[in-house]
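Before any comments, here is the structure.
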There are 2 protein chains.
Amino acid sequence: MEGDPITALCTPALVVDVDIVRRNSQRMLERCQSLGVQLRPHMKTHKTIECADIMTGGSRRCIVVSTLAEASFYAENGFDDILYAYSVPFDKVERCAVLSQTLSLFQVLLDHCDALEQLKKRPLRNGHKWHVWLKLDCGNGRAGVLHSEPGALTLAKAISEAEGVELTGVYAHCGNTYHCRGVEQIQHVAQETTTLVLHFMGKLKALGINCKSSIGSTPSCSHPIKDMAQLSEVHPGNYAFYDVQQSVIGSCSLDDVAVRVLTRVIGHCPHRNQLLIDCGWTGLSLDGAGKLPTGYAMIEGHPDLKLLSMTQEHGRVEPISGTLDYSKYPLGSLLRLIPYHSCATAMMHPVYHVHSSGRLVGKWMPTRGW
Amino acid sequence: MEGDPITALCTPALVVDVDIVRRNSQRMLERCQSLGVQLRPHMKTHKTIECADIMTGGSRRCIVVSTLAEASFYAENGFDDILYAYSVPFDKVERCAVLSQTLSLFQVLLDHCDALEQLKKRPLRNGHKWHVWLKLDCGNGRAGVLHSEPGALTLAKAISEAEGVELTGVYAHCGNTYHCRGVEQIQHVAQETTTLVLHFMGKLKALGINCKSSIGSTPSCSHPIKDMAQLSEVHPGNYAFYDVQQSVIGSCSLDDVAVRVLTRVIGHCPHRNQLLIDCGWTGLSLDGAGKLPTGYAMIEGHPDLKLLSMTQEHGRVEPISGTLDYSKYPLGSLLRLIPYHSCATAMMHPVYHVHSSGRLVGKWMPTRGW
């Protein structure tokens, strides 16, 4: 109920501090403004209307999504200028075509000539064009055509020359910043990606092709380098919530993490020197295994505790050293988990409980599926 | 659309072979019948009405659930005789009370005297009693009072003597069968758990206390031992779907696994000798990391492939040895993942696509939350 303290919630529950979300979002907007690049925030972490509203500064324009379900959800809720930043899947071309014909600006992405053929086979109606970003792999090692391959330039040229198709931009995700520790390493990767993209843009220009450029990842955009000012856009997303992983990378401090999973003690196991909590992997996800000395999450205010393991609805907590003092954790008492990876944790929850200074102010309902 | 082949689905998609679900369920019903124990199937794997209907042989009676959200969902859909087999959480006592006063038979579970106090503080109205199972830990090492502790008997006695409360039964989950390999090991654990429970029942009888007994886990109930006939109930759940994990344990063969995640090839990465597929951890879960030579899942018909890693919406696939022949996996082609842990995979999907011999026959919508 609105106005209630979050401690009144049944657990496990994902709670979002809306003031921190606003602060994180405002800082990213200002950072991009002063850099002179367009921020295109990524929706994949939260997948809600309300958080998208905050991240776009209320404009509801210029977002990027990871699934077509997100694209449709935002389109149905008045958002526009949506980039579906996922190598256009052949089974979803028709749904993409419909969105392209409905929105003022729906954009897709590809990294293979076969995908371009799929788009050409489905020309858009009513004077619409396919708006296509070329996905470039600048060292991330996931999707994208390798920046160093001659085929990258050939594909860009083919997109720009195809009938009914427009080369909107060149898109690179520097997810390799997730291996960094500290600002210096983050900025090294950001520099590398930016330089490679700008170099590629130069080669396009030499061919007479002008289009946008975009790089992203929350670490790189939390600590942008000067050269990023030469890009058209950036597309970070996790920063609205942040998480323990981002604090370990160096993107943020723990004070910037907007989300917690509330959980309660439901068992005492002195013969194993453990507590049981009512949060298993359905409430937290299994992301972060083996990454932290405190286990699958951090337990706020209890740096001496470790979330050792989880089953579907149970978590096992033990002290990092010594013997557990059970009088400090009576059955029913509340603990606050700071998630290792907020994208993965948010995914597990059908509703987020939003609060300001610990008082409930509303609920956010994410979209799911593909 | 009903009647369409499952290959027409957009991916990733969880598909359920309803004929295998029926066969697995029928076998478990017959196994329990010939053993002479009541089957109380667990709903936590699928959380759907339709599958619960099949597992109860259409009776919609006598089920066990892992969350109160499941309990409410089934209660609202005409199910009764529901056991909420989770150490009764103090924040949910009122909701449990309401269900106890609504259903003919709603049962809770506890393993601590503080929980009993909580129930006594909320006496049920209209002549209803709290129906309480005592959770016993017989070596599983999660929830439950240790079978060897004198406190176990004291707690059972306290439950049976409390006003407005009835000791319905003694409940043990032999989840330690999940460490087994092969029928012999499974039956060794099943024997151990059964013997300990029956021994405890004997001690209760000596005190003049008579109540039910139940053990569970899919491995033990897939290969029951003779002594389990002396129990009142068993409570397996995963068996409706089974999964790769259960086949590794020895509960079933791979032919018994009813679920697949359909996924499509969306990228070729010859410079890394990898394929990209459109299933990340949002479509499969991260359960099973490091457990299989084929990575996070098995790829049906392709024992030579490994699902190496996943991010939110991407999976990286590589050959276990040698060089990938990309002509065998054109962009857009379909692969079928056999999940390592069907409970964890099902949890990621808002809808299950149900088929018979590869033709869609309907959709099942699971409940979520707590």
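Please note that chains go A, B, ... in the order of the structure tokens, that every chain numbers its residues from 1, and that ligands are numbered from 1 in the order shown.
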
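Running DSSP on the backbone and keeping only strand (DSSP E or B), the residues of stretch 183-256 of chain A that qualify are Lys212, Ser213, Ser214, Ile215, Gly216, Glu233 and Val234 of chain A.
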
(request) Give me the residues within 7 Å of A:Leu124 as a count of residues only, counting only C-alpha atoms and dropping any in the same chain fewer than 3 places off. (result) 4

(request) Please provide the set of residues having any atom within 7 Å of A:Glu318, restricted to only C-alpha atoms, with same-chain residues fewer than 3 positions apart removed, written as a PyMOL selection string. (result) chain A and resi 273-275+305-308

Can you tell me which residues surround stretch 244-256 of chain B at a distance of at most 7 Å, considering only C-alpha atoms, apart from same-chain residues fewer than 6 positions away, and format the answer as a PDB file with C-alpha atoms, in the first residue's frame?
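Just written: selection-v8.pdb:
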```pdb
ATOM      1  CA  ILE B  20       5.321 -36.948 -22.536  1.00  0.00           C
ATOM      2  CA  TYR B 178      20.285 -34.810  -6.432  1.00  0.00           C
ATOM      3  CA  CYS B 180      23.281 -39.337  -6.702  1.00  0.00           C
ATOM      4  CA  ARG B 181      24.357 -41.048  -9.873  1.00  0.00           C
ATOM      5  CA  GLY B 182      22.318 -44.105 -10.757  1.00  0.00           C
ATOM      6  CA  VAL B 183      19.403 -45.993  -9.245  1.00  0.00           C
ATOM      7  CA  PRO B 219      14.694 -39.206  -8.066  1.00  0.00           C
ATOM      8  CA  SER B 222      10.996 -42.374  -9.843  1.00  0.00           C
ATOM      9  CA  ILE B 338      17.196 -29.654 -23.622  1.00  0.00           C
ATOM     10  CA  PRO B 339      17.335 -27.746 -20.323  1.00  0.00           C
ATOM     11  CA  TYR B 340      19.644 -28.822 -17.533  1.00  0.00           C
ATOM     12  CA  HIS B 341      17.062 -27.873 -14.887  1.00  0.00           C
TER      13      HIS B 341
END
```

(message) Show me, as a list in words, the residues that have an atom within 12 Å of B:Gly208 when counting only C-alpha atoms, minus same-chain residues fewer than 6 positions from it.
(response) Ala156, Lys157, Ser160, Glu161, Met201 and Gly202 of chain B

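The nearest approach to chain A among the residues B:Met43, B:Val108, B:Leu9, B:Ile63, with only C-alpha atoms taken into account, belongs to B:Leu9.
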
(request) Using DSSP on the backbone coordinates, identify all residues within stretch 191-274 of chain A classified as alpha helix (DSSP H); present the result as a list in words. (result) Gln191, Glu192, Thr193, Thr194, Thr195, Leu196, Val197, Leu198, His199, Phe200, Met201, Gly202, Lys203, Leu204, Lys205, Ala206, Thr218, Pro219, Ser220, Cys221, Ser222, Val244, Gln245, Gln246, Ser247, Val248 and Ile249 of chain A

Convert the current residue selection to file output with C-alpha atoms, as a PDB file, in the first residue's frame.
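Full text of part-v3.pdb as output:
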```pdb
ATOM      1  CA  GLN A 191      39.010   4.750 -26.004  1.00  0.00           C
ATOM      2  CA  GLU A 192      39.760   1.637 -28.008  1.00  0.00           C
ATOM      3  CA  THR A 193      36.112   1.172 -29.046  1.00  0.00           C
ATOM      4  CA  THR A 194      35.620   4.863 -29.827  1.00  0.00           C
ATOM      5  CA  THR A 195      38.801   5.028 -31.888  1.00  0.00           C
ATOM      6  CA  LEU A 196      37.860   1.930 -33.886  1.00  0.00           C
ATOM      7  CA  VAL A 197      34.343   3.227 -34.550  1.00  0.00           C
ATOM      8  CA  LEU A 198      35.597   6.687 -35.550  1.00  0.00           C
ATOM      9  CA  HIS A 199      38.203   5.099 -37.802  1.00  0.00           C
ATOM     10  CA  PHE A 200      35.442   3.064 -39.452  1.00  0.00           C
ATOM     11  CA  MET A 201      33.306   6.214 -39.821  1.00  0.00           C
ATOM     12  CA  GLY A 202      36.237   7.832 -41.601  1.00  0.00           C
ATOM     13  CA  LYS A 203      36.438   4.978 -44.065  1.00  0.00           C
ATOM     14  CA  LEU A 204      32.685   5.257 -44.686  1.00  0.00           C
ATOM     15  CA  LYS A 205      33.024   8.986 -45.262  1.00  0.00           C
ATOM     16  CA  ALA A 206      35.752   8.323 -47.826  1.00  0.00           C
ATOM     17  CA  THR A 218      27.228   1.542 -18.503  1.00  0.00           C
ATOM     18  CA  PRO A 219      30.901   1.517 -17.441  1.00  0.00           C
ATOM     19  CA  SER A 220      32.096   3.513 -20.478  1.00  0.00           C
ATOM     20  CA  CYS A 221      29.252   6.032 -20.254  1.00  0.00           C
ATOM     21  CA  SER A 222      29.665   6.467 -16.496  1.00  0.00           C
ATOM     22  CA  VAL A 244      27.349  -4.631  -7.082  1.00  0.00           C
ATOM     23  CA  GLN A 245      28.994  -5.689 -10.345  1.00  0.00           C
ATOM     24  CA  GLN A 246      29.093  -2.063 -11.546  1.00  0.00           C
ATOM     25  CA  SER A 247      30.618  -0.977  -8.232  1.00  0.00           C
ATOM     26  CA  VAL A 248      33.291  -3.681  -8.566  1.00  0.00           C
ATOM     27  CA  ILE A 249      34.024  -2.542 -12.141  1.00  0.00           C
TER      28      ILE A 249
END
```

(message) Need the shell around A:Glu117: protein/DNA/RNA residues with any atom at most 12 Å away, counting only C-alpha atoms. Skip same-chain ones fewer than 3 positions apart. Format as a list of chain:residue names?
(response) A:Val88, A:Phe90, A:Val93, A:Leu110, A:Asp111, A:His112, A:Cys113, A:Asp114, A:Lys120, A:Lys121, A:Arg122, A:Pro123, A:Trp130, A:Leu155, A:Ala158, A:Ile159, A:Ala162, A:Glu163, A:Gly164, A:Val165, B:Leu331

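We find atom CA of B:Ser333 and atom CA of B:His302 to be spaced 13.3 Å apart.
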
(request) Compute the chain A side of the contact with chain B at 6 Å, counting only C-alpha atoms, and hand it back as a ChimeraX atom specification. (result) /A:10,90-91,332

(request) For A:Asn77, work out the shell of residues within 10 Å, counting only C-alpha atoms and skipping chain neighbours fewer than 4 positions away, then give it as a PyMOL selection string. (result) chain A and resi 49+60+71-73

(request) Enter the distance from atom CA of A:Ala52 to atom CA of A:Ile6, in Å, rounded to one decimal. (result) 22.8 Å

(request) Could you jot down the atom CA of B:Met55 to atom CA of B:Glu30 separation for me, Å, one decimal place? (result) 11.4 Å

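Of the residues under consideration (A:Pro224, A:Gly280, A:Pro366, A:Gly301), A:Pro224 shows the shortest atom-to-atom contact distance to A:Ser34 when counting only C-alpha atoms.
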
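Considering only C-alpha atoms, the residue among B:Cys96, B:Val317, B:Leu292, B:Ala190 positioned nearest to B:Ala229 is B:Ala190.
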